[in-house]
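Engineer: Can you read through this structure? Questions will come right after.
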Amino acid sequence: MRSTSPKPVAELEFAVPFKTIIALVLSLLVAGCAGRQPQQILGSAMVTASVADISGNHSIFIATTRKRASDPSQVFDGERSATLNYARVNVTVPKVHEVGQIERRKRGKSDDPSKYFMASEAIGYDTAPEFSAALNADIAARGGRVMVFVHGYNTSFDAAVYRLTQITHDSGYPGTPVLFSWASGGSTTSYVYDKESASAARDQLEVTLRLLAQSGARRIDIVAHSMGTWVTMETLRQLAITGDRDLSGKLGDVVLASPDIDVDVFKSQMRRYGKPDKPFILLLSEDDRALRLSGILAGSRPRVGDYKNAADLADYGVTVIDLSKAKATDSFNHTKFADNPVLVKMLGQRLREDDGFASDRDVTDRINQLSQQVQAGLL
């Protein structure tokens, strides 16, 4: 009888996590490939829609480290640019829109503004002064408020524009929406490329925030998601090193949604930044499957966005809202902050009510109220 020698211990220990990684990667690939939207943001055959069919029209200002696309309908692609590019895209939201959703045109369907989010115009700016002039006029008309959105991993340019449009529309944000779009590859297989692109974009986000601080803006809110929180935290860290961590007093709310950041790295960033004058708002969820995969790829290290022992982050000036019990519409529970109808409205209320910088007590009371609603399963 042929004897069978036992497998080495190291091989046995590696087998289970390796299978787990393969299963998760395959599930992400399936999710990423299924229903992939066309990346053209500008259509060629627009169906006419009446004013009654349109719920909102939003001007999204854009600073991006993406290259201009060879296909004009894409505007920008996933390749990196060595310098910032600037643009403005006007997007309409259909009357049939449901809060938390992004109604996208499927392949083969007409560009119908009465049914889908549609970009009606894209204007590029050749220089920063030209961009600033257009931006400043919009800021002045909207009361001096600006919300900067920094998207996450696996996000194409069109998806980033539509996500910020949805957040702006559903939250009722009254100010000027500015998208900082770093060069994500826009695919599930580009995680490493995206990580490097995010790192390369730190200086340009700093340039963008300083440009906004020098404009007519009196308050600059930041909402960052997933890997975009890494770019944001690194940039805030850089600002702190220069001695201008609050943008000359104009920095408003900093909302970190589902951060794809190693917990120890985040704590290091916060120590270097220092305890903020207004607590950063951290939205996390223990059932975030996308961050679970990221943690496995990082050597089974927890990410901030699914950190189970987040109470210790209060010492760093971070207020944690646990969304684990909140409902999600995406299969990975990774975009609750935007696609949960109640949460996105609460986010808008948070930003609107805290006009003129509420006291720490007011801020804490509002956040505690939101946390209690989540834990009670009301969201």
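Identifiers for the structure tokens are assigned positionally: chains receive A, B, ... in sequence, residues are indexed from 1 per chain, and ligands are indexed from 1 in the order shown.
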Please return as a PyMOL selection string: the residues of stretch 53-295 of chain A that backbone DSSP assigns to strand (DSSP E or B).

Structural biologist: chain A and resi 54-68+76-94+111+118-125+145-150+176-181+219-225+251-257+262+280-284

Engineer: Quick one: everything within 6 Å of stretch 246-253 of chain A, counting only C-alpha atoms, minus sequence neighbours fewer than 2 positions away in the same chain. Send it as a PDB file with all heavy atoms, in the first residue's frame.

Structural biologist:
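Below you can see result28.pdb, which holds the result:
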ATOM      1  N   ARG A 218     -16.796  80.196   1.526  1.00  0.00           N
ATOM      2  CA  ARG A 218     -16.637  80.452   2.957  1.00  0.00           C
ATOM      3  C   ARG A 218     -16.585  79.156   3.751  1.00  0.00           C
ATOM      4  O   ARG A 218     -16.200  79.151   4.915  1.00  0.00           O
ATOM      5  CB  ARG A 218     -17.777  81.328   3.474  1.00  0.00           C
ATOM      6  CG  ARG A 218     -19.158  80.712   3.327  1.00  0.00           C
ATOM      7  CD  ARG A 218     -20.261  81.647   3.832  1.00  0.00           C
ATOM      8  NE  ARG A 218     -21.583  81.074   3.611  1.00  0.00           N
ATOM      9  CZ  ARG A 218     -22.151  80.190   4.412  1.00  0.00           C
ATOM     10  NH1 ARG A 218     -21.513  79.765   5.496  1.00  0.00           N
ATOM     11  NH2 ARG A 218     -23.362  79.726   4.156  1.00  0.00           N
ATOM     12  N   ARG A 219     -16.976  78.060   3.100  1.00  0.00           N
ATOM     13  CA  ARG A 219     -16.983  76.775   3.786  1.00  0.00           C
ATOM     14  C   ARG A 219     -16.820  75.654   2.765  1.00  0.00           C
ATOM     15  O   ARG A 219     -17.479  75.638   1.723  1.00  0.00           O
ATOM     16  CB  ARG A 219     -18.288  76.586   4.554  1.00  0.00           C
ATOM     17  CG  ARG A 219     -18.415  75.208   5.203  1.00  0.00           C
ATOM     18  CD  ARG A 219     -19.784  75.053   5.824  1.00  0.00           C
ATOM     19  NE  ARG A 219     -20.002  73.670   6.185  1.00  0.00           N
ATOM     20  CZ  ARG A 219     -20.192  73.237   7.436  1.00  0.00           C
ATOM     21  NH1 ARG A 219     -20.188  74.094   8.414  1.00  0.00           N
ATOM     22  NH2 ARG A 219     -20.389  71.962   7.682  1.00  0.00           N
ATOM     23  N   ILE A 220     -15.936  74.705   3.070  1.00  0.00           N
ATOM     24  CA  ILE A 220     -15.647  73.595   2.172  1.00  0.00           C
ATOM     25  C   ILE A 220     -15.880  72.283   2.909  1.00  0.00           C
ATOM     26  O   ILE A 220     -15.155  71.943   3.848  1.00  0.00           O
ATOM     27  CB  ILE A 220     -14.185  73.655   1.674  1.00  0.00           C
ATOM     28  CG1 ILE A 220     -13.922  74.983   0.965  1.00  0.00           C
ATOM     29  CG2 ILE A 220     -13.880  72.477   0.750  1.00  0.00           C
ATOM     30  CD1 ILE A 220     -12.452  75.252   0.712  1.00  0.00           C
ATOM     31  N   ASP A 221     -16.912  71.560   2.508  1.00  0.00           N
ATOM     32  CA  ASP A 221     -17.197  70.236   3.066  1.00  0.00           C
ATOM     33  C   ASP A 221     -16.554  69.178   2.182  1.00  0.00           C
ATOM     34  O   ASP A 221     -16.472  69.343   0.962  1.00  0.00           O
ATOM     35  CB  ASP A 221     -18.708  69.983   3.135  1.00  0.00           C
ATOM     36  CG  ASP A 221     -19.431  70.999   4.013  1.00  0.00           C
ATOM     37  OD1 ASP A 221     -18.969  71.233   5.141  1.00  0.00           O
ATOM     38  OD2 ASP A 221     -20.453  71.551   3.558  1.00  0.00           O
ATOM     39  N   ASP A 244      -1.562  74.528   7.687  1.00  0.00           N
ATOM     40  CA  ASP A 244      -2.850  75.056   7.236  1.00  0.00           C
ATOM     41  C   ASP A 244      -3.863  73.920   7.135  1.00  0.00           C
ATOM     42  O   ASP A 244      -4.488  73.707   6.108  1.00  0.00           O
ATOM     43  CB  ASP A 244      -2.691  75.752   5.874  1.00  0.00           C
ATOM     44  CG  ASP A 244      -3.961  76.463   5.429  1.00  0.00           C
ATOM     45  OD1 ASP A 244      -4.768  76.841   6.300  1.00  0.00           O
ATOM     46  OD2 ASP A 244      -4.157  76.609   4.200  1.00  0.00           O
TER      47      ASP A 244
END

Engineer: For A:Met227, list every protein, DNA or RNA residue within 8 Å, evaluated using only C-alpha atoms, and leave out those in the same chain fewer than 4 positions away; present the list as a short mmCIF file (atom, residue, chain, number, x, y, z; two decimals) with all heavy atoms, in the first residue's frame.

Structural biologist:
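Result written to out_25.cif:
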data_model
loop_
_atom_site.label_atom_id
_atom_site.label_comp_id
_atom_site.auth_asym_id
_atom_site.auth_seq_id
_atom_site.Cartn_x
_atom_site.Cartn_y
_atom_site.Cartn_z
N HIS A 151 -14.27 60.09 -4.93
CA HIS A 151 -14.83 58.74 -5.13
C HIS A 151 -13.82 57.66 -4.76
O HIS A 151 -12.66 57.92 -4.44
CB HIS A 151 -15.28 58.57 -6.58
CG HIS A 151 -14.15 58.68 -7.58
ND1 HIS A 151 -13.22 57.68 -7.78
CD2 HIS A 151 -13.82 59.67 -8.45
CE1 HIS A 151 -12.36 58.05 -8.71
NE2 HIS A 151 -12.69 59.25 -9.13
N GLY A 152 -14.28 56.41 -4.84
CA GLY A 152 -13.45 55.28 -4.44
C GLY A 152 -12.95 54.45 -5.59
O GLY A 152 -12.96 54.85 -6.76
N TYR A 153 -12.50 53.25 -5.26
CA TYR A 153 -11.95 52.27 -6.20
C TYR A 153 -13.00 51.81 -7.22
O TYR A 153 -14.21 51.86 -6.96
CB TYR A 153 -11.42 51.09 -5.38
CG TYR A 153 -11.46 49.73 -6.01
CD1 TYR A 153 -10.58 49.39 -7.04
CD2 TYR A 153 -12.37 48.77 -5.57
CE1 TYR A 153 -10.61 48.13 -7.61
CE2 TYR A 153 -12.40 47.49 -6.13
CZ TYR A 153 -11.52 47.18 -7.16
OH TYR A 153 -11.55 45.94 -7.71
N LYS A 195 -4.86 51.82 -6.37
CA LYS A 195 -4.16 52.20 -5.14
C LYS A 195 -3.01 53.15 -5.47
O LYS A 195 -2.79 54.17 -4.77
CB LYS A 195 -3.61 50.95 -4.45
CG LYS A 195 -2.99 51.20 -3.08
CD LYS A 195 -4.04 51.56 -2.05
CE LYS A 195 -3.43 51.65 -0.65
NZ LYS A 195 -4.43 52.05 0.36
N ALA A 198 -4.40 56.54 -6.59
CA ALA A 198 -4.85 57.32 -5.44
C ALA A 198 -3.67 58.00 -4.76
O ALA A 198 -3.73 59.18 -4.38
CB ALA A 198 -5.58 56.41 -4.45
N VAL A 231 -6.90 59.05 -0.19
CA VAL A 231 -6.43 60.28 -0.83
C VAL A 231 -6.72 61.47 0.07
O VAL A 231 -5.87 62.35 0.28
CB VAL A 231 -7.11 60.50 -2.20
CG1 VAL A 231 -6.50 61.68 -2.93
CG2 VAL A 231 -7.02 59.24 -3.06
N PRO A 259 -14.17 53.81 4.78
CA PRO A 259 -12.76 54.03 4.44
C PRO A 259 -11.99 52.75 4.17
O PRO A 259 -12.00 51.83 4.99
CB PRO A 259 -12.21 54.73 5.70
CG PRO A 259 -13.39 55.32 6.37
CD PRO A 259 -14.50 54.34 6.12
N ASP A 260 -11.32 52.71 3.03
CA ASP A 260 -10.45 51.59 2.68
C ASP A 260 -9.03 51.97 3.09
O ASP A 260 -8.16 52.21 2.27
CB ASP A 260 -10.53 51.30 1.18
CG ASP A 260 -9.79 50.02 0.79
OD1 ASP A 260 -9.25 49.36 1.69
OD2 ASP A 260 -9.74 49.71 -0.41
N ILE A 261 -8.83 52.03 4.40
CA ILE A 261 -7.54 52.41 4.98
C ILE A 261 -7.22 51.44 6.11
O ILE A 261 -8.09 51.10 6.92
CB ILE A 261 -7.56 53.84 5.56
CG1 ILE A 261 -8.07 54.85 4.53
CG2 ILE A 261 -6.17 54.26 6.05
CD1 ILE A 261 -8.22 56.27 5.10
#

Engineer: Among stretch 91-303 of chain A, which ones does DSSP assign to helix (DSSP H, G or I) (computed from the backbone)? Answer as a VMD selection string.

Structural biologist: chain A and resid 128 to 141 157 to 171 191 to 200 202 to 213 228 to 241 263 to 273 289 to 297

Engineer: So that I can see what lies close to stretch 294-308 of chain A, please list as a ChimeraX atom specification the residues with an atom at most 10 Å from it, counting only C-alpha atoms and leaving out residues fewer than 5 positions away in the same chain.

Structural biologist: /A:17-18,20-21,24,191,225-226,229,256-267,282-289,313,322-324,334

Engineer: Write the residues of the preceding selection, restricted to N, CA and C atoms, as a compact mmCIF listing (two decimals), in the first residue's frame.

Structural biologist:
# COMPACT_ATOMS: atom_id res chain seq x y z
N PRO A 17 -7.43 30.41 3.56
CA PRO A 17 -7.50 31.81 3.13
C PRO A 17 -7.32 31.97 1.63
N PHE A 18 -6.51 31.13 0.99
CA PHE A 18 -6.32 31.25 -0.46
C PHE A 18 -7.64 30.97 -1.19
N THR A 20 -10.55 31.33 0.07
CA THR A 20 -11.44 32.46 0.38
C THR A 20 -11.18 33.62 -0.55
N ILE A 21 -9.89 33.92 -0.76
CA ILE A 21 -9.52 35.01 -1.66
C ILE A 21 -10.05 34.75 -3.06
N LEU A 24 -13.83 35.24 -3.23
CA LEU A 24 -14.20 36.65 -3.16
C LEU A 24 -13.84 37.39 -4.43
N TYR A 191 -7.31 46.93 -8.86
CA TYR A 191 -7.16 47.38 -7.47
C TYR A 191 -5.78 47.98 -7.21
N HIS A 225 -15.23 58.58 -0.20
CA HIS A 225 -15.73 57.21 -0.12
C HIS A 225 -14.63 56.21 -0.43
N SER A 226 -14.58 55.13 0.36
CA SER A 226 -13.73 53.98 0.08
C SER A 226 -12.27 54.38 -0.08
N THR A 229 -11.03 57.91 0.58
CA THR A 229 -10.71 58.40 1.91
C THR A 229 -9.20 58.39 2.16
N LEU A 256 -16.10 60.59 6.12
CA LEU A 256 -15.33 59.47 5.60
C LEU A 256 -16.24 58.25 5.56
N ALA A 257 -16.68 57.88 4.35
CA ALA A 257 -17.63 56.79 4.19
C ALA A 257 -16.91 55.52 3.75
N SER A 258 -17.06 54.47 4.54
CA SER A 258 -16.47 53.15 4.23
C SER A 258 -14.99 53.25 3.89
N PRO A 259 -14.17 53.81 4.78
CA PRO A 259 -12.76 54.03 4.44
C PRO A 259 -11.99 52.75 4.17
N ASP A 260 -11.32 52.71 3.03
CA ASP A 260 -10.45 51.59 2.68
C ASP A 260 -9.03 51.97 3.09
N ILE A 261 -8.83 52.03 4.40
CA ILE A 261 -7.54 52.41 4.98
C ILE A 261 -7.22 51.44 6.11
N ASP A 262 -5.99 50.99 6.17
CA ASP A 262 -5.54 50.18 7.30
C ASP A 262 -5.74 50.97 8.59
N VAL A 263 -6.24 50.32 9.63
CA VAL A 263 -6.57 51.01 10.88
C VAL A 263 -5.35 51.70 11.48
N ASP A 264 -4.20 51.01 11.51
CA ASP A 264 -3.00 51.61 12.08
C ASP A 264 -2.53 52.81 11.25
N VAL A 265 -2.66 52.71 9.94
CA VAL A 265 -2.29 53.84 9.08
C VAL A 265 -3.20 55.02 9.35
N PHE A 266 -4.49 54.77 9.50
CA PHE A 266 -5.44 55.85 9.78
C PHE A 266 -5.11 56.55 11.10
N LYS A 267 -4.79 55.77 12.12
CA LYS A 267 -4.44 56.38 13.41
C LYS A 267 -3.18 57.23 13.28
N LEU A 282 -17.08 59.42 10.66
CA LEU A 282 -16.72 58.14 10.07
C LEU A 282 -17.95 57.25 9.96
N LEU A 283 -18.27 56.82 8.75
CA LEU A 283 -19.38 55.91 8.50
C LEU A 283 -18.82 54.53 8.19
N LEU A 284 -19.10 53.57 9.07
CA LEU A 284 -18.56 52.22 8.87
C LEU A 284 -19.67 51.18 8.95
N SER A 285 -19.37 49.99 8.48
CA SER A 285 -20.34 48.90 8.50
C SER A 285 -19.60 47.58 8.55
N GLU A 286 -19.92 46.76 9.53
CA GLU A 286 -19.21 45.50 9.71
C GLU A 286 -19.55 44.47 8.62
N ASP A 287 -20.61 44.72 7.85
CA ASP A 287 -20.98 43.76 6.80
C ASP A 287 -20.53 44.23 5.42
N ASP A 288 -19.54 45.11 5.37
CA ASP A 288 -19.03 45.63 4.11
C ASP A 288 -18.15 44.56 3.46
N ARG A 289 -18.66 43.89 2.43
CA ARG A 289 -17.96 42.77 1.80
C ARG A 289 -16.78 43.24 0.96
N LEU A 313 -11.37 55.32 18.35
CA LEU A 313 -11.09 56.41 17.43
C LEU A 313 -11.59 57.76 17.94
N ASP A 322 -22.07 53.73 13.16
CA ASP A 322 -22.09 52.33 12.74
C ASP A 322 -23.35 52.07 11.90
N LEU A 323 -23.16 51.77 10.63
CA LEU A 323 -24.28 51.53 9.72
C LEU A 323 -24.54 50.05 9.49
N SER A 324 -24.01 49.21 10.36
CA SER A 324 -24.11 47.77 10.15
C SER A 324 -25.56 47.30 10.03
N HIS A 334 -21.47 48.42 0.38
CA HIS A 334 -20.33 49.34 0.38
C HIS A 334 -20.71 50.80 0.11

Engineer: Env of A:Asn340: 6 Å cut, atoms = only C-alpha atoms, seq-sep filter 4 positions within chain, self excluded. Answer as a list in words.

Structural biologist: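 Selected residues are Gly100, Ala328 and Lys336 of chain A.
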
Engineer: Keeping only N, CA, C and O atoms, write those residues as a short mmCIF file (atom, residue, chain, number, x, y, z; two decimals), in the first residue's frame.

Structural biologist:
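Contents of again.cif, freshly written:
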data_model
loop_
_atom_site.label_atom_id
_atom_site.label_comp_id
_atom_site.auth_asym_id
_atom_site.auth_seq_id
_atom_site.Cartn_x
_atom_site.Cartn_y
_atom_site.Cartn_z
N GLY A 100 -31.73 57.58 -3.63
CA GLY A 100 -30.74 56.53 -3.40
C GLY A 100 -30.35 55.78 -4.65
O GLY A 100 -29.36 55.04 -4.65
N ALA A 328 -28.88 48.20 2.67
CA ALA A 328 -28.10 48.60 1.51
C ALA A 328 -28.79 48.08 0.26
O ALA A 328 -29.55 47.11 0.30
N LYS A 336 -23.73 52.38 1.35
CA LYS A 336 -24.92 52.70 2.15
C LYS A 336 -25.11 54.21 2.33
O LYS A 336 -26.24 54.70 2.37
#

Engineer: Which residues of stretch 181-212 of chain A sit at most 12 Å from stretch 134-140 of chain A, using only C-alpha atoms? Give each one's shortest atom pair and distance in Å (one decimal place), in chain and ascending residue order, as a tab-separated table.

Structural biologist:
residue	atom	partner	partner_atom	distance
A:Thr208	CA	A:Leu135	CA	11.7
A:Leu211	CA	A:Leu135	CA	10.1
A:Leu212	CA	A:Asn136	CA	8.5

Engineer: Just write the chosen residues, all heavy atoms, as a compact mmCIF listing (two decimals), in the first residue's frame.

Structural biologist:
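Below is the file that was written, again.txt:
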# COMPACT_ATOMS: atom_id res chain seq x y z
N THR A 208 -6.30 71.38 -5.41
CA THR A 208 -7.73 71.66 -5.60
C THR A 208 -8.33 72.32 -4.36
O THR A 208 -9.08 73.30 -4.46
CB THR A 208 -8.48 70.36 -5.92
OG1 THR A 208 -7.95 69.77 -7.10
CG2 THR A 208 -9.97 70.61 -6.11
N LEU A 211 -7.15 75.84 -4.09
CA LEU A 211 -7.83 76.66 -5.08
C LEU A 211 -9.21 77.06 -4.58
O LEU A 211 -9.63 78.23 -4.73
CB LEU A 211 -7.94 75.88 -6.40
CG LEU A 211 -8.58 76.56 -7.61
CD1 LEU A 211 -7.98 76.03 -8.90
CD2 LEU A 211 -10.10 76.34 -7.63
N LEU A 212 -9.92 76.13 -3.97
CA LEU A 212 -11.24 76.42 -3.42
C LEU A 212 -11.15 77.39 -2.25
O LEU A 212 -12.00 78.28 -2.10
CB LEU A 212 -11.92 75.12 -2.99
CG LEU A 212 -12.32 74.17 -4.11
CD1 LEU A 212 -12.78 72.83 -3.54
CD2 LEU A 212 -13.42 74.78 -4.97

Engineer: Residues near stretch 275-279 of chain A, anyone? I mean within 7 Å using only C-alpha atoms, not counting same-chain ones fewer than 5 positions away, as a PyMOL selection string.

Structural biologist: chain A and resi 316-319+360

Engineer: Neighbours of A:Arg66 within 10 Å (only C-alpha atoms; same-chain residues fewer than 5 positions away dropped), as a VMD selection string?

Structural biologist: chain A and resid 75 to 86 157 181 to 185 197 201

Engineer: Could you write out the selected residues, including C-alpha atoms, as an mmCIF file, in the first residue's frame?

Structural biologist:
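again.cif, freshly written:
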data_model
loop_
_atom_site.group_PDB
_atom_site.id
_atom_site.type_symbol
_atom_site.label_atom_id
_atom_site.label_comp_id
_atom_site.auth_asym_id
_atom_site.auth_seq_id
_atom_site.Cartn_x
_atom_site.Cartn_y
_atom_site.Cartn_z
ATOM 1 C CA VAL A 75 -14.655 63.180 -21.658
ATOM 2 C CA PHE A 76 -12.033 61.609 -19.340
ATOM 3 C CA ASP A 77 -10.740 58.034 -19.171
ATOM 4 C CA GLY A 78 -8.879 55.935 -16.589
ATOM 5 C CA GLU A 79 -5.351 56.894 -17.625
ATOM 6 C CA ARG A 80 -3.280 59.179 -15.387
ATOM 7 C CA SER A 81 -2.483 62.770 -16.265
ATOM 8 C CA ALA A 82 0.621 64.438 -14.872
ATOM 9 C CA THR A 83 -1.338 67.666 -14.365
ATOM 10 C CA LEU A 84 -4.821 68.571 -13.236
ATOM 11 C CA ASN A 85 -7.577 68.844 -15.816
ATOM 12 C CA TYR A 86 -10.700 70.912 -15.271
ATOM 13 C CA PHE A 157 -15.477 58.993 -14.729
ATOM 14 C CA SER A 181 -11.787 62.431 -9.727
ATOM 15 C CA TRP A 182 -8.514 60.558 -9.501
ATOM 16 C CA ALA A 183 -7.529 58.077 -12.215
ATOM 17 C CA SER A 184 -9.351 54.904 -11.223
ATOM 18 C CA GLY A 185 -9.142 52.131 -13.795
ATOM 19 C CA SER A 197 -3.353 56.242 -8.747
ATOM 20 C CA ALA A 201 -3.346 62.138 -6.685
#

Engineer: Using only C-alpha atoms, which of the listed residues (A:Thr65, A:Gln214, A:Gln166, A:Thr335) sits closest to A:Glu103?

Structural biologist: A:Gln166
